[in-house]
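Listing of my_file-v4.txt, compact mmCIF, N, CA and C atoms
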# COMPACT_ATOMS: atom_id res chain seq x y z
N MET N 15 -63.50 -11.40 7.65
CA MET N 15 -62.53 -10.84 6.76
C MET N 15 -61.26 -10.42 7.47
N ALA N 16 -61.40 -9.95 8.72
CA ALA N 16 -60.22 -9.52 9.46
C ALA N 16 -59.24 -10.66 9.63
N SER N 17 -59.76 -11.87 9.86
CA SER N 17 -58.85 -13.00 10.05
C SER N 17 -58.14 -13.36 8.76
N ASP N 18 -58.77 -13.15 7.58
CA ASP N 18 -58.10 -13.41 6.31
C ASP N 18 -56.94 -12.45 6.09
N ARG N 19 -57.17 -11.18 6.45
CA ARG N 19 -56.09 -10.20 6.29
C ARG N 19 -54.91 -10.55 7.19
N THR N 20 -55.21 -10.95 8.43
CA THR N 20 -54.15 -11.31 9.35
C THR N 20 -53.38 -12.52 8.83
N THR N 21 -54.13 -13.51 8.35
CA THR N 21 -53.48 -14.70 7.83
C THR N 21 -52.65 -14.36 6.60
N CYS N 22 -53.22 -13.53 5.71
CA CYS N 22 -52.47 -13.14 4.52
C CYS N 22 -51.25 -12.31 4.91
N GLY N 23 -51.41 -11.42 5.88
CA GLY N 23 -50.29 -10.61 6.34
C GLY N 23 -49.18 -11.47 6.90
N ARG N 24 -49.55 -12.48 7.65
CA ARG N 24 -48.52 -13.37 8.20
C ARG N 24 -47.84 -14.15 7.10
N THR N 25 -48.60 -14.58 6.14
CA THR N 25 -48.01 -15.34 5.05
C THR N 25 -47.04 -14.46 4.27
N ARG N 26 -47.42 -13.22 3.96
CA ARG N 26 -46.54 -12.31 3.25
C ARG N 26 -45.31 -12.01 4.12
N GLY N 27 -45.54 -11.78 5.41
CA GLY N 27 -44.43 -11.52 6.33
C GLY N 27 -43.47 -12.70 6.39
N ALA N 28 -44.02 -13.91 6.39
CA ALA N 28 -43.16 -15.10 6.42
C ALA N 28 -42.34 -15.20 5.14
N ARG N 29 -42.97 -14.86 4.00
CA ARG N 29 -42.23 -14.91 2.73
C ARG N 29 -41.12 -13.87 2.72
N VAL N 30 -41.42 -12.68 3.22
CA VAL N 30 -40.41 -11.62 3.27
C VAL N 30 -39.27 -12.03 4.19
N ALA N 31 -39.62 -12.59 5.34
CA ALA N 31 -38.59 -13.03 6.29
C ALA N 31 -37.73 -14.13 5.67
N SER N 32 -38.35 -15.06 4.95
CA SER N 32 -37.59 -16.13 4.30
C SER N 32 -36.65 -15.57 3.24
N ALA N 33 -37.15 -14.60 2.46
CA ALA N 33 -36.31 -13.99 1.43
C ALA N 33 -35.13 -13.25 2.05
N MET N 34 -35.39 -12.52 3.14
CA MET N 34 -34.31 -11.80 3.81
C MET N 34 -33.29 -12.76 4.37
N LEU N 35 -33.76 -13.87 4.94
CA LEU N 35 -32.84 -14.87 5.48
C LEU N 35 -31.99 -15.47 4.37
N ALA N 36 -32.61 -15.74 3.22
CA ALA N 36 -31.86 -16.31 2.10
C ALA N 36 -30.79 -15.34 1.62
N VAL N 37 -31.12 -14.06 1.55
CA VAL N 37 -30.14 -13.05 1.13
C VAL N 37 -29.00 -12.98 2.14
N ALA N 38 -29.33 -12.99 3.43
CA ALA N 38 -28.30 -12.92 4.47
C ALA N 38 -27.37 -14.13 4.41
N VAL N 39 -27.94 -15.32 4.27
CA VAL N 39 -27.12 -16.54 4.22
C VAL N 39 -26.25 -16.51 2.96
N GLY N 40 -26.82 -16.08 1.83
CA GLY N 40 -26.05 -15.99 0.59
C GLY N 40 -24.91 -15.01 0.72
N SER N 41 -25.15 -13.88 1.38
CA SER N 41 -24.09 -12.89 1.58
C SER N 41 -22.97 -13.45 2.42
N LEU N 42 -23.32 -14.18 3.47
CA LEU N 42 -22.29 -14.78 4.33
C LEU N 42 -21.49 -15.81 3.57
N ALA N 43 -22.15 -16.59 2.73
CA ALA N 43 -21.45 -17.61 1.95
C ALA N 43 -20.47 -16.95 0.98
N LEU N 44 -20.90 -15.88 0.33
CA LEU N 44 -20.00 -15.18 -0.58
C LEU N 44 -18.85 -14.53 0.16
N ALA N 45 -19.11 -13.98 1.32
CA ALA N 45 -18.06 -13.34 2.11
C ALA N 45 -17.01 -14.37 2.51
N GLY N 46 -17.43 -15.59 2.78
CA GLY N 46 -16.49 -16.64 3.16
C GLY N 46 -15.59 -17.05 2.01
N CYS N 47 -16.04 -16.84 0.77
CA CYS N 47 -15.27 -17.25 -0.40
C CYS N 47 -14.31 -16.16 -0.87
N SER N 48 -14.58 -14.93 -0.53
CA SER N 48 -13.74 -13.85 -1.01
C SER N 48 -12.59 -13.63 -0.05
N SER N 49 -11.47 -13.15 -0.60
CA SER N 49 -10.33 -12.86 0.26
C SER N 49 -10.25 -11.36 0.50
N PRO N 50 -9.79 -10.96 1.68
CA PRO N 50 -9.67 -9.53 1.95
C PRO N 50 -8.57 -8.90 1.10
N THR N 51 -8.68 -7.63 0.86
CA THR N 51 -7.65 -6.93 0.11
C THR N 51 -6.36 -6.93 0.92
N GLU N 52 -5.30 -7.40 0.29
CA GLU N 52 -4.01 -7.46 0.99
C GLU N 52 -3.36 -6.09 0.94
N SER N 53 -2.91 -5.64 2.07
CA SER N 53 -2.25 -4.34 2.16
C SER N 53 -0.81 -4.58 2.61
N ILE N 54 0.12 -4.12 1.81
CA ILE N 54 1.53 -4.30 2.12
C ILE N 54 2.01 -3.04 2.84
N PRO N 55 2.46 -3.17 4.08
CA PRO N 55 2.96 -1.98 4.78
C PRO N 55 4.27 -1.50 4.14
N PRO N 56 4.54 -0.20 4.22
CA PRO N 56 5.79 0.30 3.64
C PRO N 56 7.00 -0.15 4.44
N VAL N 57 8.12 -0.26 3.75
CA VAL N 57 9.40 -0.51 4.40
C VAL N 57 9.96 0.87 4.74
N ILE N 58 10.25 1.11 6.01
CA ILE N 58 10.76 2.41 6.44
C ILE N 58 12.29 2.34 6.48
N VAL N 59 12.92 3.26 5.77
CA VAL N 59 14.38 3.29 5.68
C VAL N 59 14.87 4.69 6.04
N ASP N 60 15.83 4.76 6.94
CA ASP N 60 16.43 6.04 7.33
C ASP N 60 17.55 6.38 6.36
N LEU N 61 17.46 7.56 5.75
CA LEU N 61 18.46 7.99 4.79
C LEU N 61 19.87 8.05 5.39
N GLY N 62 19.96 8.26 6.69
CA GLY N 62 21.26 8.31 7.35
C GLY N 62 21.87 6.96 7.61
N GLU N 63 21.12 5.88 7.40
CA GLU N 63 21.62 4.54 7.69
C GLU N 63 21.59 3.58 6.51
N VAL N 64 21.06 3.99 5.37
CA VAL N 64 20.83 3.06 4.26
C VAL N 64 22.06 2.84 3.38
N ASP N 65 23.01 3.76 3.39
CA ASP N 65 24.18 3.68 2.50
C ASP N 65 24.88 2.34 2.65
N GLY N 66 25.06 1.65 1.50
CA GLY N 66 25.79 0.38 1.49
C GLY N 66 24.98 -0.83 1.90
N THR N 67 23.70 -0.69 2.15
CA THR N 67 22.87 -1.82 2.59
C THR N 67 22.03 -2.36 1.44
N THR N 68 21.34 -3.45 1.71
CA THR N 68 20.34 -4.01 0.80
C THR N 68 18.99 -3.94 1.48
N VAL N 69 18.02 -3.39 0.78
CA VAL N 69 16.67 -3.26 1.31
C VAL N 69 15.77 -4.20 0.53
N GLU N 70 15.08 -5.07 1.24
CA GLU N 70 14.15 -6.01 0.61
C GLU N 70 12.73 -5.50 0.74
N VAL N 71 11.98 -5.58 -0.36
CA VAL N 71 10.59 -5.11 -0.38
C VAL N 71 9.78 -6.05 -1.28
N ASP N 72 8.52 -6.25 -0.92
CA ASP N 72 7.64 -7.07 -1.74
C ASP N 72 7.23 -6.31 -3.00
N GLU N 73 7.05 -7.03 -4.09
CA GLU N 73 6.54 -6.43 -5.31
C GLU N 73 5.20 -5.75 -5.00
N GLY N 74 5.05 -4.53 -5.46
CA GLY N 74 3.84 -3.76 -5.17
C GLY N 74 3.96 -2.93 -3.90
N GLY N 75 5.00 -3.17 -3.13
CA GLY N 75 5.22 -2.44 -1.89
C GLY N 75 5.99 -1.15 -2.13
N THR N 76 6.20 -0.41 -1.04
CA THR N 76 6.91 0.85 -1.14
C THR N 76 8.01 0.93 -0.09
N ILE N 77 8.96 1.79 -0.36
CA ILE N 77 10.03 2.11 0.59
C ILE N 77 9.89 3.59 0.92
N ASP N 78 9.70 3.89 2.19
CA ASP N 78 9.57 5.27 2.67
C ASP N 78 10.95 5.71 3.16
N LEU N 79 11.51 6.73 2.53
CA LEU N 79 12.85 7.21 2.85
C LEU N 79 12.74 8.37 3.84
N THR N 80 13.04 8.09 5.09
CA THR N 80 12.85 9.05 6.18
C THR N 80 14.18 9.60 6.69
N GLY N 81 14.10 10.51 7.65
CA GLY N 81 15.29 10.97 8.34
C GLY N 81 15.80 12.33 7.90
N ASP N 82 15.15 12.95 6.91
CA ASP N 82 15.56 14.28 6.47
C ASP N 82 14.34 15.20 6.56
N ASP N 83 14.22 15.88 7.67
CA ASP N 83 13.06 16.76 7.88
C ASP N 83 13.24 18.13 7.25
N GLU N 84 14.44 18.45 6.81
CA GLU N 84 14.72 19.79 6.27
C GLU N 84 14.70 19.83 4.74
N THR N 85 15.42 18.90 4.11
CA THR N 85 15.59 18.96 2.65
C THR N 85 15.01 17.72 1.96
N TYR N 86 13.95 17.16 2.51
CA TYR N 86 13.34 15.93 1.98
C TYR N 86 12.92 16.06 0.51
N ALA N 87 12.58 17.27 0.06
CA ALA N 87 12.14 17.47 -1.32
C ALA N 87 13.31 17.63 -2.30
N ALA N 88 14.54 17.69 -1.80
CA ALA N 88 15.71 17.91 -2.65
C ALA N 88 16.38 16.61 -3.11
N TRP N 89 15.86 15.47 -2.70
CA TRP N 89 16.47 14.19 -3.09
C TRP N 89 16.04 13.80 -4.49
N THR N 90 17.02 13.33 -5.28
CA THR N 90 16.78 12.77 -6.61
C THR N 90 17.32 11.35 -6.62
N ALA N 91 16.93 10.57 -7.60
CA ALA N 91 17.36 9.18 -7.65
C ALA N 91 17.90 8.80 -9.01
N ASP N 92 18.96 8.00 -8.97
CA ASP N 92 19.48 7.33 -10.16
C ASP N 92 19.28 5.85 -9.91
N ILE N 93 18.41 5.23 -10.69
CA ILE N 93 18.05 3.82 -10.48
C ILE N 93 18.66 2.99 -11.59
N GLY N 94 19.44 1.97 -11.20
CA GLY N 94 20.10 1.11 -12.17
C GLY N 94 19.12 0.46 -13.14
N ASP N 95 18.04 -0.10 -12.65
CA ASP N 95 17.02 -0.73 -13.50
C ASP N 95 15.66 -0.16 -13.13
N PRO N 96 15.21 0.87 -13.85
CA PRO N 96 13.94 1.52 -13.52
C PRO N 96 12.71 0.63 -13.70
N ALA N 97 12.87 -0.55 -14.28
CA ALA N 97 11.75 -1.48 -14.39
C ALA N 97 11.46 -2.16 -13.05
N ILE N 98 12.41 -2.09 -12.11
CA ILE N 98 12.26 -2.77 -10.82
C ILE N 98 11.68 -1.86 -9.76
N VAL N 99 12.15 -0.62 -9.69
CA VAL N 99 11.61 0.35 -8.74
C VAL N 99 11.45 1.71 -9.41
N GLU N 100 10.48 2.47 -8.91
CA GLU N 100 10.25 3.83 -9.38
C GLU N 100 10.42 4.78 -8.20
N PHE N 101 10.99 5.95 -8.47
CA PHE N 101 11.23 6.95 -7.44
C PHE N 101 10.09 7.95 -7.39
N THR N 102 9.68 8.31 -6.17
CA THR N 102 8.71 9.38 -5.94
C THR N 102 9.41 10.43 -5.09
N PRO N 103 9.58 11.65 -5.61
CA PRO N 103 10.28 12.68 -4.84
C PRO N 103 9.47 13.14 -3.63
N GLY N 104 10.17 13.65 -2.62
CA GLY N 104 9.50 14.24 -1.48
C GLY N 104 8.83 15.54 -1.90
N ARG N 105 7.80 15.94 -1.15
CA ARG N 105 7.10 17.17 -1.52
C ARG N 105 6.32 17.71 -0.33
N ASP N 106 5.93 18.95 -0.46
CA ASP N 106 5.08 19.62 0.52
C ASP N 106 3.90 20.18 -0.25
N ASP N 107 2.68 19.71 0.04
CA ASP N 107 1.52 20.19 -0.70
C ASP N 107 0.79 21.33 0.01
N GLY N 108 1.42 21.89 1.05
CA GLY N 108 0.83 22.99 1.79
C GLY N 108 0.09 22.54 3.04
N SER N 109 -0.40 21.32 3.03
CA SER N 109 -1.09 20.80 4.22
C SER N 109 -0.35 19.63 4.85
N ALA N 110 0.57 19.02 4.09
CA ALA N 110 1.34 17.88 4.62
C ALA N 110 2.66 17.78 3.88
N GLN N 111 3.64 17.17 4.56
CA GLN N 111 4.94 16.92 3.96
C GLN N 111 5.06 15.43 3.68
N PHE N 112 5.59 15.09 2.51
CA PHE N 112 5.72 13.70 2.10
C PHE N 112 7.18 13.37 1.86
N ASP N 113 7.66 12.28 2.49
CA ASP N 113 9.03 11.82 2.30
C ASP N 113 9.20 11.29 0.88
N PRO N 114 10.43 11.31 0.37
CA PRO N 114 10.67 10.63 -0.90
C PRO N 114 10.50 9.12 -0.69
N GLY N 115 10.32 8.41 -1.79
CA GLY N 115 10.13 6.97 -1.66
C GLY N 115 10.36 6.23 -2.96
N LEU N 116 10.29 4.93 -2.84
CA LEU N 116 10.45 4.03 -3.99
C LEU N 116 9.26 3.08 -4.01
N THR N 117 8.78 2.77 -5.21
CA THR N 117 7.71 1.79 -5.38
C THR N 117 8.28 0.60 -6.12
N ALA N 118 8.08 -0.60 -5.58
CA ALA N 118 8.58 -1.84 -6.17
C ALA N 118 7.61 -2.30 -7.26
N THR N 119 8.06 -2.27 -8.51
CA THR N 119 7.17 -2.59 -9.62
C THR N 119 7.38 -3.97 -10.24
N ALA N 120 8.55 -4.58 -10.02
CA ALA N 120 8.81 -5.91 -10.59
C ALA N 120 9.89 -6.61 -9.77
N PRO N 121 9.83 -7.94 -9.70
CA PRO N 121 10.88 -8.67 -8.97
C PRO N 121 12.25 -8.45 -9.61
N GLY N 122 13.26 -8.43 -8.78
CA GLY N 122 14.63 -8.27 -9.26
C GLY N 122 15.45 -7.48 -8.26
N GLU N 123 16.65 -7.12 -8.69
CA GLU N 123 17.57 -6.40 -7.82
C GLU N 123 18.16 -5.24 -8.61
N THR N 124 18.25 -4.08 -7.98
CA THR N 124 18.81 -2.92 -8.65
C THR N 124 19.53 -2.03 -7.65
N GLU N 125 20.52 -1.31 -8.15
CA GLU N 125 21.23 -0.34 -7.33
C GLU N 125 20.51 1.00 -7.43
N VAL N 126 20.42 1.70 -6.31
CA VAL N 126 19.79 3.01 -6.25
C VAL N 126 20.78 3.99 -5.63
N THR N 127 20.98 5.12 -6.29
CA THR N 127 21.79 6.19 -5.73
C THR N 127 20.89 7.40 -5.55
N LEU N 128 20.84 7.91 -4.33
CA LEU N 128 20.06 9.10 -4.01
C LEU N 128 21.01 10.25 -3.77
N ASP N 129 20.74 11.38 -4.40
CA ASP N 129 21.54 12.58 -4.24
C ASP N 129 20.65 13.71 -3.74
N ASN N 130 21.18 14.48 -2.77
CA ASN N 130 20.46 15.63 -2.26
C ASN N 130 21.06 16.87 -2.90
N THR N 131 20.26 17.57 -3.72
CA THR N 131 20.76 18.72 -4.47
C THR N 131 21.05 19.93 -3.59
N GLU N 132 20.52 19.97 -2.38
CA GLU N 132 20.78 21.09 -1.47
C GLU N 132 22.00 20.87 -0.58
N THR N 133 22.16 19.65 -0.07
CA THR N 133 23.24 19.38 0.88
C THR N 133 24.46 18.73 0.24
N GLY N 134 24.29 18.16 -0.96
CA GLY N 134 25.40 17.45 -1.60
C GLY N 134 25.54 16.02 -1.10
N GLU N 135 24.73 15.61 -0.16
CA GLU N 135 24.80 14.25 0.38
C GLU N 135 24.38 13.23 -0.68
N SER N 136 25.01 12.05 -0.62
CA SER N 136 24.70 10.98 -1.56
C SER N 136 24.72 9.64 -0.83
N VAL N 137 23.76 8.78 -1.12
CA VAL N 137 23.73 7.43 -0.56
C VAL N 137 23.45 6.45 -1.68
N THR N 138 24.09 5.28 -1.60
CA THR N 138 23.90 4.23 -2.59
C THR N 138 23.57 2.93 -1.86
N PHE N 139 22.54 2.25 -2.34
CA PHE N 139 22.13 1.00 -1.73
C PHE N 139 21.48 0.12 -2.79
N THR N 140 21.23 -1.12 -2.44
CA THR N 140 20.61 -2.08 -3.34
C THR N 140 19.18 -2.32 -2.89
N VAL N 141 18.27 -2.40 -3.85
CA VAL N 141 16.89 -2.77 -3.55
C VAL N 141 16.63 -4.14 -4.17
N GLU N 142 16.16 -5.06 -3.35
CA GLU N 142 15.78 -6.39 -3.83
C GLU N 142 14.26 -6.50 -3.71
N VAL N 143 13.62 -6.63 -4.87
CA VAL N 143 12.17 -6.77 -4.91
C VAL N 143 11.85 -8.25 -5.06
N VAL N 144 11.07 -8.77 -4.12
CA VAL N 144 10.67 -10.17 -4.14
C VAL N 144 9.20 -10.26 -4.50
N GLY N 145 8.79 -11.43 -5.00
CA GLY N 145 7.38 -11.64 -5.35
C GLY N 145 6.51 -11.35 -4.15
N PRO N 146 5.26 -10.95 -4.39
CA PRO N 146 4.39 -10.58 -3.27
C PRO N 146 4.21 -11.74 -2.30
N SER N 147 4.27 -11.42 -1.02
CA SER N 147 4.07 -12.47 -0.02
C SER N 147 2.58 -12.70 0.12
N SER N 148 2.23 -13.88 0.56
CA SER N 148 0.82 -14.22 0.73
C SER N 148 0.55 -14.47 2.20
N ILE N 149 -0.52 -13.88 2.70
CA ILE N 149 -0.84 -14.09 4.11
C ILE N 149 -1.75 -15.31 4.28
N TYR N 150 -2.04 -15.99 3.16
CA TYR N 150 -2.93 -17.16 3.22
C TYR N 150 -2.21 -18.41 2.81

Can you present the structure in this file as structure tokens?
Amino acid sequence: MASDRTTCGRTRGARVASAMLAVAVGSLALAGCSSPTESIPPVIVDLGEVDGTTVEVDEGGTIDLTGDDETYAAWTADIGDPAIVEFTPGRDDGSAQFDPGLTATAPGETEVTLDNTETGESVTFTVEVVGPSSIY
């Protein structure tokens, strides 16, 4: 009887090993067919240098408006075509400070004017949103 149990155990073990191998091979095959999530890095723009320029960004991407460590939360935006980009004001949540920014929502071109309510500074530039780039 001991030899029957050993033989049966090996047979069950072989079936389990075959099933595990099939699952592993199937997982690899599916992984080969799926594409990784594309991450668009932000476009970094210095508020002191953007006036009069054109900034290009991929649809779905963001523009991080840097260079104002003191009054970053005082910037407001007037966007010519709000269907193309959306403004996110700078803020401090108590644990971190966040620069103001723009999110590219649709292809096209629009003028953006940023005004700082504390300093009176104003900058105007163009944002050109292009269709998402493909890394494949």

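One distance worth recording is that between atom C of Ile93 of chain N and atom C of Ser53 of chain N, which is 25.3 Å.
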
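Residue nearest Gly115 of chain N, chosen from N:Asp83, N:Asp78, N:Val57, N:Asp65 and counting only N, CA and C atoms: N:Asp78.
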
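You can rank N:Asp107, N:Gly94, N:Gly74, N:Glu100 by their closest distance to Glu125 of chain N using all atoms listed in the file, and at the top of that list sits N:Gly94.
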
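In this model, the gap between atom CA of Asn130 of chain N and atom CA of Phe112 of chain N comes to 15.5 Å.
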
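Counting only N, CA and C atoms, the residue from N:Pro55, N:Glu132, N:Ile98, N:Val69 that sits nearest to Thr119 of chain N is N:Ile98.
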
From the list N:Asp129, N:Asp113, N:Glu123, N:Asp92, the nearest residue to Val141 of chain N using only N, CA and C atoms is N:Glu123

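Across the model, the gap from atom CA of Gly104 of chain N to atom CA of Thr67 of chain N is 21.3 Å.
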
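Of the residues listed (N:Gly81, N:Asp60, N:Pro121, N:Thr127), N:Pro121 shows the shortest atom-to-atom separation from Gly145 of chain N; distances use all atoms listed in the file.
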
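Using only N, CA and C atoms, the nearest neighbour of Thr68 of chain N within the list N:Ala88, N:Phe139, N:Ala97, N:Thr102 is N:Phe139.
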
Apply DSSP to the structure's backbone, then extract all residues of segment 46-130 of chain N labelled helix (DSSP H, G or I) and return them as a PyMOL selection string. chain N and resi 46-47+86-88

If you take every atom of segment 98-117 of chain N that the file lists and fit an axis-aligned box around them with 8 Å extra on each side, what centre and edge lengths come out in Å to one decimal, as JSON?
{"center_x": 5.7, "center_y": 10.1, "center_z": -3.6, "size_x": 29.5, "size_y": 41.8, "size_z": 33.0}
